[in-house]
file work.tsv (TSV, C-alpha atoms and all ligand atoms)
chain	number	residue	atom	x	y	z
K	399	MET	CA	0.00	0.00	0.00
K	400	LEU	CA	2.89	2.38	0.64
K	401	SER	CA	4.70	4.32	-2.05
K	402	ASP	CA	5.16	8.10	-1.53
K	403	ALA	CA	6.39	10.14	1.45
K	404	MET	CA	3.86	12.38	3.27
K	405	ASP	CA	2.85	14.27	6.45
K	406	PHE	CA	2.97	12.64	9.88
K	407	ILE	CA	0.12	12.22	12.37
K	408	GLU	CA	1.49	11.98	15.93
K	409	PRO	CA	0.17	8.73	17.49
K	410	PRO	CA	-1.31	8.88	21.02
K	411	GLU	CA	1.43	8.69	23.69
K	412	ARG	CA	0.08	5.55	25.32
K	413	SER	CA	-1.13	3.41	22.45
K	414	VAL	CA	-0.04	-0.13	21.69
K	415	MET	CA	-0.83	-2.53	18.89
K	416	ILE	CA	-0.74	-6.25	19.61
K	417	GLY	CA	0.41	-7.68	16.32
K	418	THR	CA	2.26	-10.33	14.43
K	419	GLY	CA	1.88	-11.65	10.92
K	420	LYS	CA	0.68	-15.11	11.98
K	421	GLY	CA	-2.91	-16.07	12.92
K	422	GLY	CA	-4.00	-17.77	16.11
K	423	VAL	CA	-1.06	-16.86	18.34
K	424	GLY	CA	-3.15	-15.05	20.98
K	425	LYS	CA	-3.28	-11.43	19.72
K	426	SER	CA	-6.98	-10.86	20.39
K	427	THR	CA	-6.81	-12.58	23.79
K	428	ILE	CA	-3.85	-10.44	24.87
K	429	ALA	CA	-5.36	-7.22	23.45
K	430	ALA	CA	-8.68	-7.71	25.29
K	431	HIS	CA	-6.90	-8.60	28.54
K	432	LYS	CA	-4.44	-5.74	28.27
K	433	ALA	CA	-7.28	-3.27	27.75
K	434	ALA	CA	-9.25	-4.75	30.67
K	435	TRP	CA	-6.08	-4.69	32.84
K	436	HIS	CA	-5.60	-0.95	32.37
K	437	ALA	CA	-9.31	-0.21	32.82
K	438	ALA	CA	-9.34	-2.16	36.08
K	439	ARG	CA	-6.57	0.17	37.32
K	440	GLY	CA	-8.77	3.19	36.76
K	441	GLU	CA	-7.22	4.27	33.44
K	442	ARG	CA	-9.67	5.38	30.76
K	443	THR	CA	-9.03	2.75	28.08
K	444	LEU	CA	-10.04	2.21	24.48
K	445	LEU	CA	-9.73	-1.13	22.67
K	446	VAL	CA	-9.84	-0.85	18.87
K	447	CYS	CA	-10.28	-4.19	17.08
K	448	VAL	CA	-8.90	-3.90	13.56
K	449	THR	CA	-9.81	-7.50	12.83
K	450	SER	CA	-12.26	-9.04	10.42
K	451	GLN	CA	-13.06	-11.76	12.94
K	452	ASP	CA	-14.96	-10.63	16.01
K	453	ASP	CA	-13.87	-12.83	18.90
K	454	ASP	CA	-16.03	-10.91	21.38
K	455	ASP	CA	-13.76	-11.77	24.33
K	456	LEU	CA	-15.57	-9.16	26.42
K	457	GLY	CA	-19.12	-10.34	25.62
K	458	ILE	CA	-20.23	-7.16	23.85
K	459	GLU	CA	-22.39	-8.87	21.23
K	460	ARG	CA	-23.27	-12.17	22.92
K	461	PHE	CA	-24.07	-10.69	26.31
K	462	ASN	CA	-24.97	-7.17	25.23
K	463	ARG	CA	-22.27	-5.56	27.35
K	464	GLY	CA	-21.70	-1.83	27.23
K	465	ILE	CA	-23.64	1.22	26.11
K	466	HIS	CA	-24.03	1.18	22.36
K	467	PRO	CA	-24.04	4.45	20.40
K	468	GLU	CA	-27.37	5.59	19.00
K	469	GLY	CA	-28.01	5.01	15.31
K	470	PRO	CA	-26.84	2.14	13.14
K	471	SER	CA	-25.04	-0.78	14.79
K	472	VAL	CA	-21.30	-0.51	15.33
K	473	LEU	CA	-21.01	-4.27	15.86
K	474	ASN	CA	-19.23	-6.61	13.48
K	475	GLY	CA	-16.74	-3.96	12.43
K	476	GLN	CA	-19.49	-1.77	10.98
K	477	GLY	CA	-18.68	1.24	13.18
K	478	LEU	CA	-15.00	1.08	12.29
K	479	TYR	CA	-15.82	0.72	8.60
K	480	ARG	CA	-18.26	3.68	8.64
K	481	SER	CA	-15.78	5.94	10.46
K	482	VAL	CA	-13.14	5.35	7.79
K	483	HIS	CA	-15.66	5.45	4.95
K	484	ASP	CA	-17.42	8.66	6.09
K	485	ARG	CA	-14.19	10.21	7.47
K	486	VAL	CA	-15.74	10.73	10.90
K	487	PRO	CA	-14.39	9.98	14.40
K	488	LEU	CA	-14.56	6.43	15.77
K	489	LEU	CA	-17.71	5.70	17.77
K	490	PRO	CA	-16.97	3.16	20.54
K	491	VAL	CA	-19.31	1.02	22.61
K	492	ARG	CA	-18.87	2.68	26.00
K	493	GLU	CA	-18.34	1.16	29.44
K	494	VAL	CA	-18.02	-2.45	28.32
K	495	ARG	CA	-16.38	-2.64	31.72
K	496	PRO	CA	-15.85	0.35	34.03
K	497	ASN	CA	-13.38	2.68	32.19
K	498	LEU	CA	-13.29	0.47	29.10
K	499	ASP	CA	-14.69	1.48	25.69
K	500	VAL	CA	-14.40	-0.75	22.61
K	501	VAL	CA	-14.54	-0.28	18.84
K	502	PRO	CA	-15.60	-3.81	17.86
K	503	GLY	CA	-14.01	-5.71	14.97
K	504	GLY	CA	-15.77	-8.06	12.58
K	505	GLU	CA	-16.54	-8.79	8.96
K	506	ALA	CA	-16.97	-5.17	7.84
K	507	VAL	CA	-13.32	-4.48	8.74
K	508	GLY	CA	-12.38	-6.84	5.90
K	509	GLU	CA	-14.35	-4.59	3.52
K	510	LEU	CA	-11.98	-1.73	4.33
K	511	LEU	CA	-9.48	-3.35	1.99
K	512	THR	CA	-11.62	-2.62	-1.10
K	513	LEU	CA	-12.35	0.90	0.12
K	514	LEU	CA	-8.71	1.72	0.82
K	515	THR	CA	-7.50	0.24	-2.46
K	516	ALA	CA	-10.05	2.35	-4.40
K	517	ARG	CA	-9.05	5.50	-2.50
K	518	MET	CA	-5.37	4.80	-2.92
K	519	ALA	CA	-5.63	5.45	-6.65
K	520	VAL	CA	-6.84	9.01	-6.00
K	521	GLU	CA	-5.42	9.93	-2.60
K	522	GLY	CA	-2.16	8.02	-2.57
K	523	VAL	CA	-0.39	6.83	0.53
K	524	GLN	CA	-2.37	8.99	2.97
K	525	VAL	CA	-5.17	6.40	2.97
K	526	VAL	CA	-2.93	4.36	5.29
K	527	GLN	CA	-3.53	7.10	7.87
K	528	SER	CA	-7.33	6.65	7.72
K	529	LEU	CA	-7.51	4.93	11.10
K	530	ALA	CA	-5.12	7.43	12.70
K	531	ARG	CA	-7.37	10.25	11.46
K	532	ALA	CA	-10.57	8.58	12.73
K	533	LEU	CA	-8.93	8.04	16.12
K	534	ALA	CA	-7.32	11.47	16.57
K	535	PRO	CA	-10.46	13.41	17.65
K	536	ILE	CA	-11.29	10.97	20.48
K	537	ALA	CA	-7.77	9.88	21.50
K	538	ARG	CA	-7.39	12.58	24.17
K	539	TRP	CA	-10.28	11.08	26.19
K	540	TYR	CA	-8.18	7.99	26.88
K	541	ASP	CA	-5.17	7.19	29.07
K	542	GLN	CA	-4.54	3.97	27.16
K	543	ILE	CA	-5.38	2.79	23.66
K	544	VAL	CA	-4.92	-0.87	22.68
K	545	PHE	CA	-5.22	-2.13	19.10
K	546	ASP	CA	-6.02	-5.72	18.23
K	547	SER	CA	-4.88	-6.54	14.71
K	548	ALA	CA	-5.53	-8.91	11.84
K	549	PRO	CA	-3.00	-11.51	10.71
K	550	GLU	CA	-1.72	-12.14	7.21
K	551	GLN	CA	-3.10	-8.87	5.92
K	552	ASP	CA	-0.51	-6.22	5.04
K	553	SER	CA	-3.00	-3.39	4.45
K	554	LEU	CA	-4.77	-3.76	7.81
K	555	GLU	CA	-1.43	-4.17	9.59
K	556	GLN	CA	-0.13	-0.97	8.02
K	557	LEU	CA	-3.36	0.87	8.84
K	558	THR	CA	-2.94	-0.03	12.50
K	559	LEU	CA	0.82	0.59	12.60
K	560	ALA	CA	0.17	4.11	11.30
K	561	ALA	CA	-2.14	4.80	14.28
K	562	THR	CA	-0.10	3.41	17.19
K	563	ARG	CA	3.04	4.43	19.06
K	564	TRP	CA	4.03	0.97	20.25
K	565	LEU	CA	3.98	-2.48	18.74
K	566	PHE	CA	3.93	-5.50	21.01
K	567	VAL	CA	4.57	-8.87	19.35
K	568	PRO	CA	3.35	-12.17	20.84
K	569	THR	CA	4.59	-15.34	19.23
K	570	ARG	CA	4.34	-19.07	19.57
K	571	SER	CA	7.42	-21.24	19.28
K	572	ASP	CA	6.75	-22.85	15.87
K	573	ASP	CA	8.48	-21.83	12.64
K	574	THR	CA	5.37	-20.35	10.99
K	575	SER	CA	4.88	-18.01	13.97
K	576	ILE	CA	8.49	-16.87	13.66
K	577	ARG	CA	7.98	-16.35	9.90
K	578	GLY	CA	4.81	-14.36	10.73
K	579	MET	CA	6.98	-11.96	12.71
K	580	ARG	CA	8.91	-11.18	9.53
K	581	ARG	CA	5.73	-9.81	7.94
K	582	ILE	CA	5.04	-7.44	10.83
K	583	ALA	CA	8.72	-6.45	10.93
K	584	ARG	CA	8.57	-5.53	7.24
K	585	ASN	CA	5.38	-3.50	7.63
K	586	PHE	CA	6.74	-1.88	10.80
K	587	LYS	CA	9.79	-0.58	8.90
K	588	LEU	CA	7.72	0.70	5.96
K	589	VAL	CA	5.25	2.54	8.16
K	590	ARG	CA	7.89	3.99	10.48
K	591	ARG	CA	9.95	5.28	7.59
K	592	GLN	CA	7.08	6.82	5.63
K	593	LEU	CA	4.25	7.66	8.02
K	594	ASN	CA	4.91	7.18	11.71
K	595	PRO	CA	8.48	7.87	12.87
K	596	ALA	CA	7.33	7.67	16.53
K	597	LEU	CA	6.56	3.96	16.13
K	598	SER	CA	8.64	1.68	18.41
K	599	VAL	CA	8.73	-1.99	19.42
K	600	ALA	CA	7.49	-2.32	23.01
K	601	GLY	CA	8.64	-5.92	23.22
K	602	ALA	CA	7.80	-9.49	22.38
K	603	CYS	CA	6.67	-12.51	24.35
K	604	LEU	CA	6.26	-16.21	23.94
K	605	TYR	CA	2.57	-17.01	24.31
K	606	GLY	CA	0.78	-20.32	24.83
K	607	SER	CA	3.84	-22.38	25.66
K	608	ASN	CA	5.08	-24.47	28.56
K	609	PRO	CA	6.46	-21.92	31.07
K	610	ASN	CA	9.15	-24.42	32.13
K	611	ALA	CA	10.55	-25.20	28.65
K	612	ARG	CA	13.61	-23.00	29.18
K	613	GLN	CA	15.70	-24.38	26.31
K	614	LEU	CA	12.86	-23.75	23.85
K	615	HIS	CA	12.42	-20.21	25.19
K	616	GLU	CA	16.09	-19.48	24.59
K	617	GLU	CA	15.76	-20.64	20.98
K	618	VAL	CA	12.67	-18.48	20.41
K	619	ARG	CA	14.45	-15.54	22.02
K	620	GLY	CA	17.26	-15.94	19.45
K	621	ASP	CA	14.68	-16.07	16.61
K	622	VAL	CA	12.93	-12.93	17.90
K	623	PHE	CA	16.21	-11.02	18.09
K	624	GLY	CA	17.04	-12.21	14.57
K	625	VAL	CA	13.76	-10.88	13.15
K	626	LEU	CA	12.95	-7.82	15.29
K	627	GLY	CA	16.48	-6.77	16.23
K	628	GLN	CA	18.96	-7.46	19.05
K	629	HIS	CA	17.50	-4.75	21.29
K	630	THR	CA	13.93	-6.07	21.33
K	631	PRO	CA	12.76	-6.36	24.95
K	632	MET	CA	11.88	-10.06	25.32
K	633	LEU	CA	9.52	-10.44	28.26
K	634	HIS	CA	10.11	-13.10	30.89
K	635	THR	CA	6.49	-13.99	31.48
K	636	VAL	CA	5.28	-16.93	29.42
K	637	VAL	CA	1.54	-17.50	29.45
K	638	GLY	CA	1.01	-21.25	29.39
K	639	TYR	CA	-1.05	-23.24	26.89
K	640	ARG	CA	-4.31	-23.90	28.68
K	641	GLU	CA	-6.92	-24.44	26.05
K	642	MET	CA	-9.98	-25.36	28.10
K	643	PRO	CA	-10.09	-22.33	30.42
K	644	ALA	CA	-9.05	-19.97	27.59
K	645	VAL	CA	-11.76	-21.18	25.23
K	646	ASN	CA	-14.44	-21.35	27.97
K	647	ALA	CA	-13.67	-17.80	29.15
K	648	ARG	CA	-14.11	-16.47	25.60
K	649	LYS	CA	-17.40	-18.36	25.17
K	650	LYS	CA	-18.67	-16.74	28.35
K	651	GLY	CA	-17.44	-13.28	27.35
K	652	LEU	CA	-15.32	-13.11	30.50
K	653	THR	CA	-11.70	-12.17	31.02
K	654	PHE	CA	-9.52	-14.85	32.62
K	655	GLY	CA	-9.63	-12.93	35.91
K	656	GLU	CA	-13.42	-12.65	35.85
K	657	TYR	CA	-13.76	-16.34	35.03
K	658	ALA	CA	-11.29	-17.28	37.79
K	659	ALA	CA	-13.43	-15.30	40.26
K	660	LEU	CA	-16.22	-17.84	39.60
K	661	LEU	CA	-14.11	-20.75	40.86
K	662	PRO	CA	-15.70	-20.83	44.34
K	663	THR	CA	-19.14	-21.21	42.72
K	664	SER	CA	-18.05	-23.93	40.29
K	665	ALA	CA	-20.04	-27.15	39.97
K	666	LYS	CA	-18.01	-30.31	40.74
K	667	SER	CA	-17.55	-33.25	38.41
K	668	TYR	CA	-19.68	-35.39	40.75
K	669	ASP	CA	-22.52	-32.86	40.24
K	670	VAL	CA	-22.17	-33.37	36.48
K	671	ALA	CA	-22.10	-37.17	36.93
K	672	ALA	CA	-25.27	-36.98	39.05
K	673	GLY	CA	-27.01	-34.82	36.43
K	674	ARG	CA	-27.30	-31.80	38.78
K	675	ALA	CA	-25.03	-29.66	36.58
K	676	THR	CA	-23.60	-29.54	33.06
K	677	ARG	CA	-19.94	-29.46	32.01
K	678	ALA	CA	-20.37	-25.76	31.24
K	679	ASP	CA	-21.03	-25.15	34.97
K	680	VAL	CA	-17.59	-26.50	35.90
K	681	VAL	CA	-14.92	-23.80	36.08
K	682	PRO	CA	-11.56	-25.46	35.29
K	683	GLU	CA	-9.03	-25.10	38.13
K	684	SER	CA	-6.38	-24.17	35.54
K	685	ILE	CA	-8.08	-20.80	35.03
K	686	ALA	CA	-6.34	-19.56	38.20
K	687	PRO	CA	-2.73	-19.91	36.93
K	688	LEU	CA	-3.83	-18.69	33.48
K	689	ALA	CA	-5.34	-15.53	34.98
K	690	ALA	CA	-2.24	-14.96	37.12
K	691	GLU	CA	0.12	-15.34	34.14
K	692	MET	CA	-1.95	-12.98	32.00
K	693	ASP	CA	-1.88	-10.43	34.82
K	694	ARG	CA	1.90	-10.74	35.09
K	695	LEU	CA	2.29	-10.38	31.33
K	696	ASN	CA	0.28	-7.15	31.32
K	697	ALA	CA	2.24	-5.73	34.23
K	698	GLU	CA	5.48	-6.55	32.41
K	699	ILE	CA	4.35	-5.03	29.07
K	700	ASP	CA	3.26	-1.90	30.90
K	701	ALA	CA	6.54	-1.61	32.80
K	702	HIS	CA	8.51	-1.93	29.53
K	703	CYS	CA	6.41	0.72	27.75
K	704	ARG	CA	6.78	3.13	30.68
K	705	LYS	CA	10.53	2.57	30.90
K	706	ALA	CA	10.96	2.98	27.15
K	707	SER	CA	8.84	6.20	27.17
K	708	LEU	CA	11.25	7.74	29.70
K	709	SER	CA	14.42	6.81	27.81
M	801	LIG	N1	-3.17	-19.42	26.94
M	801	LIG	C1	-3.90	-20.07	26.04
M	801	LIG	N2	-3.84	-21.41	25.95
M	801	LIG	C2	-4.57	-22.09	25.03
M	801	LIG	N3	-5.41	-21.49	24.14
M	801	LIG	C3	-5.52	-20.16	24.19
M	801	LIG	C4	-4.78	-19.37	25.14
M	801	LIG	N4	-5.11	-18.07	24.95
M	801	LIG	C5	-6.00	-18.04	23.94
M	801	LIG	N5	-6.26	-19.28	23.49
M	801	LIG	C6	-7.15	-19.69	22.41
M	801	LIG	O1	-6.36	-19.76	21.22
M	801	LIG	C7	-7.15	-19.37	20.09
M	801	LIG	C8	-6.44	-18.25	19.35
M	801	LIG	O2	-6.35	-17.11	20.23
M	801	LIG	P1	-6.61	-15.64	19.67
M	801	LIG	O3	-7.92	-15.56	18.96
M	801	LIG	O4	-6.39	-14.70	20.79
M	801	LIG	O5	-5.42	-15.54	18.61
M	801	LIG	P2	-5.24	-14.45	17.46
M	801	LIG	O6	-3.79	-14.31	17.27
M	801	LIG	O7	-6.00	-13.22	17.77
M	801	LIG	O8	-5.92	-15.18	16.22
M	801	LIG	P3	-6.31	-14.52	14.80
M	801	LIG	O9	-5.00	-14.33	14.10
M	801	LIG	O10	-7.19	-15.54	14.16
M	801	LIG	O11	-6.99	-13.22	15.06
M	801	LIG	C9	-8.51	-18.97	20.65
M	801	LIG	O12	-9.39	-20.07	20.54
M	801	LIG	C10	-8.24	-18.67	22.12
M	801	LIG	O13	-9.37	-18.87	22.95
M	802	MG	MG	-7.49	-12.24	16.63
call {"tool": "encode", "arguments": {"input": "work.tsv", "output": "structure tokens", "more": "lines below"}}
Ligand SMILES: Nc1ncnc2c1ncn2[C@@H]1O[C@H](COP(=O)(O)OP(=O)(O)OP(=O)(O)O)[C@@H](O)[C@H]1O
Ligand SMILES: [Mg+2]
result
Amino acid sequence: MLSDAMDFIEPPERSVMIGTGKGGVGKSTIAAHKAAWHAARGERTLLVCVTSQDDDDLGIERFNRGIHPEGPSVLNGQGLYRSVHDRVPLLPVREVRPNLDVVPGGEAVGELLTLLTARMAVEGVQVVQSLARALAPIARWYDQIVFDSAPEQDSLEQLTLAATRWLFVPTRSDDTSIRGMRRIARNFKLVRRQLNPALSVAGACLYGSNPNARQLHEEVRGDVFGVLGQHTPMLHTVVGYREMPAVNARKKGLTFGEYAALLPTSAKSYDVAAGRATRADVVPESIAPLAAEMDRLNAEIDAHCRKASLS
């Protein structure tokens, strides 16, 4: 999408994109939890989901969370699409949790590609700043802005990179995940050089792995340095692979912490065996370590961003 040089739009001071070129590594999960983490600390937070798949981790659509703007629906990426199409400010769903507003992703975000390609012919490279422009009028209301991003889609990656100050890269340990990092690294360099010189790497982490597999972590660390540069902050926290609690929490529209808080009320397997409860009523014990690791990861990302902002 990029070709010519042009004017810069200063990204919000505390904005971070969770991105990597590979699908299914945990971007949306981390983005939703990072946004909820800041909001829970009293910071006014905005989550912008630049994804054509709406995972609804926070239960906005399925459980009707938040205060929806008047007028046409903003669900399923429609609000984000309209803002870019009509060149008007983003319209979030407010108070999805206390202090947390969300611009939901979904199918309509995918339609941005056709719109941007058509505009590119007339307007040139500035179409890559469409999201940054739609965000600018509302950005000052927020202490924190978190972007979820789409995989394997250069145009959407560039659109988001042009609107954020920081990029945080989660990865899994397999080769395709490492190769996916190369895509984001390429787009990062293009956008920083042509549109957003304030863009920096906040760090990278290994996600969904065995926290005790130290040898493997060292290898991934070497791969990350190879792709993103020797000075990339590689976080120590590794969030473990715990599929059942992660998938259940998303189905219920709850963060890991919220789901873990239901542990004392969980049905037991003998209740299920006796027909007094269903499997869905059993909260897996492994949600507790998963919630704790996610909390630690967010604290570590935040500490890195703050330290890097001061240097
Ligand atoms: N710690 C975890 N352990 C196991 N599974 C997890 C964990 N965290 C998230 N998941 C599950 O892994 C799947 C992929 O996660 P997620 O949707 O966050 O990845 P993504 O990078 O956003 O994917 P996409 O590229 O498709 O947008 C989801 O089903 C999610 O519930
Ligand atoms: Mg996702």
call {"tool": "residues_near_ligand", "arguments": {"input": "work.tsv", "ligand": "ligand MG 802 (chain M)", "cutoff": "7 Å", "atoms": "all atoms listed in the file", "output": "number ranges by chain"}}
result
K: 422, 424-426, 449, 451, 453, 546-548
call {"tool": "write_last_selection", "arguments": {"input": "work.tsv", "atoms": "C-alpha atoms", "output": "CSV table (one decimal), keeping the file's coordinate frame"}}
result
chain,number,residue,atom,x,y,z
K,422,GLY,CA,-4.0,-17.8,16.1
K,424,GLY,CA,-3.2,-15.0,21.0
K,425,LYS,CA,-3.3,-11.4,19.7
K,426,SER,CA,-7.0,-10.9,20.4
K,449,THR,CA,-9.8,-7.5,12.8
K,451,GLN,CA,-13.1,-11.8,12.9
K,453,ASP,CA,-13.9,-12.8,18.9
K,546,ASP,CA,-6.0,-5.7,18.2
K,547,SER,CA,-4.9,-6.5,14.7
K,548,ALA,CA,-5.5,-8.9,11.8
call {"tool": "residues_near_ligand", "arguments": {"input": "work.tsv", "ligand": "ligand LIG 801 (chain M)", "cutoff": "6 Å", "atoms": "all atoms listed in the file", "output": "PyMOL selection string"}}
result
chain K and resi 421-427+548-549+606+637-641+644-645+648
call {"tool": "closest_residue", "arguments": {"input": "work.tsv", "among": "K:Cys703, K:Val491, K:Ala506, K:Val486", "to": "Ser528 in chain K", "atoms": "only C-alpha atoms"}}
result
K:Val486
call {"tool": "closest_atom_pairs", "arguments": {"input": "work.tsv", "of": "range 437-546 of chain K", "to": "range 552-569 of chain K", "cutoff": "8 Å", "atoms": "all atoms listed in the file", "output": "JSON lines"}}
result
{"residue": "K:Val448", "atom": "CA", "partner": "K:Leu554", "partner_atom": "CA", "distance": 7.1}
{"residue": "K:Leu511", "atom": "CA", "partner": "K:Ser553", "partner_atom": "CA", "distance": 6.9}
{"residue": "K:Val526", "atom": "CA", "partner": "K:Leu557", "partner_atom": "CA", "distance": 5.0}
{"residue": "K:Gln527", "atom": "CA", "partner": "K:Ala560", "partner_atom": "CA", "distance": 5.9}
{"residue": "K:Ser528", "atom": "CA", "partner": "K:Leu557", "partner_atom": "CA", "distance": 7.1}
{"residue": "K:Leu529", "atom": "CA", "partner": "K:Leu557", "partner_atom": "CA", "distance": 6.2}
{"residue": "K:Ala530", "atom": "CA", "partner": "K:Ala561", "partner_atom": "CA", "distance": 4.3}
{"residue": "K:Leu533", "atom": "CA", "partner": "K:Ala561", "partner_atom": "CA", "distance": 7.7}
{"residue": "K:Phe545", "atom": "CA", "partner": "K:Thr558", "partner_atom": "CA", "distance": 7.3}
call {"tool": "write_last_selection", "arguments": {"input": "work.tsv", "atoms": "C-alpha atoms", "output": "PDB file, in the frame of the given file"}}
result
ATOM      1  CA  VAL K 448      -8.900  -3.900  13.560  1.00  0.00           C
ATOM      2  CA  LEU K 511      -9.480  -3.350   1.990  1.00  0.00           C
ATOM      3  CA  VAL K 526      -2.930   4.360   5.290  1.00  0.00           C
ATOM      4  CA  GLN K 527      -3.530   7.100   7.870  1.00  0.00           C
ATOM      5  CA  SER K 528      -7.330   6.650   7.720  1.00  0.00           C
ATOM      6  CA  LEU K 529      -7.510   4.930  11.100  1.00  0.00           C
ATOM      7  CA  ALA K 530      -5.120   7.430  12.700  1.00  0.00           C
ATOM      8  CA  LEU K 533      -8.930   8.040  16.120  1.00  0.00           C
ATOM      9  CA  PHE K 545      -5.220  -2.130  19.100  1.00  0.00           C
TER      10      PHE K 545
END
call {"tool": "atom_distance", "arguments": {"input": "work.tsv", "atom1": "CA of Ile582 in chain K", "atom2": "CA of Gly417 in chain K"}}
result
7.2 Å
call {"tool": "atom_distance", "arguments": {"input": "work.tsv", "atom1": "CA of Val681 in chain K", "atom2": "CA of Gly651 in chain K"}}
result
13.9 Å
call {"tool": "atom_distance", "arguments": {"input": "work.tsv", "atom1": "CA of Arg492 in chain K", "atom2": "CA of Gly464 in chain K"}}
result
5.5 Å
call {"tool": "residues_near_point", "arguments": {"input": "work.tsv", "point": "(-8.2, -1.3, 29.6)", "cutoff": "10 Å", "atoms": "only C-alpha atoms", "output": "list in words"}}
result
Ala429, Ala430, His431, Lys432, Ala433, Ala434, Trp435, His436, Ala437, Ala438, Arg439, Gly440, Glu441, Arg442, Thr443, Leu444, Leu445, Val494, Arg495, Pro496, Asn497, Leu498, Asp499, Val500, Tyr540, Asp541, Gln542, Ile543 and Val544 of chain K
call {"tool": "residues_around", "arguments": {"input": "work.tsv", "residues": "range 611-614 of chain K", "least_positions_apart": "4", "cutoff": "8 Å", "atoms": "all atoms listed in the file", "output": "list in words"}}
result
Ser571, Ser607 and Val618 of chain K
call {"tool": "residues_around", "arguments": {"input": "work.tsv", "residues": "Val636 in chain K", "least_positions_apart": "4", "cutoff": "6 Å", "atoms": "all atoms listed in the file", "output": "VMD selection string"}}
result
chain K and resid 604 to 605 609
call {"tool": "closest_residue", "arguments": {"input": "work.tsv", "among": "K:Asn608, K:Arg704, K:Leu588, K:Val520", "to": "Glu691 in chain K", "atoms": "only C-alpha atoms"}}
result
K:Asn608
call {"tool": "residues_around", "arguments": {"input": "work.tsv", "residues": "Gly504 in chain K", "least_positions_apart": "3", "cutoff": "7 Å", "atoms": "all atoms listed in the file", "output": "PyMOL selection string"}}
result
chain K and resi 449-452+474-475+507
call {"tool": "axis_aligned_box", "arguments": {"input": "work.tsv", "around": "range 606-613 of chain K", "padding_each_side": "4 Å", "output": "lines of an AutoDock Vina configuration file"}}
result
center_x = 8.2
center_y = -22.8
center_z = 28.5
size_x = 22.9
size_y = 12.9
size_z = 15.3
call {"tool": "closest_residue", "arguments": {"input": "work.tsv", "among": "K:Ala701, K:Leu514, K:Ala659, K:Ile685", "to": "Leu633 in chain K", "atoms": "all atoms listed in the file"}}
result
K:Ala701
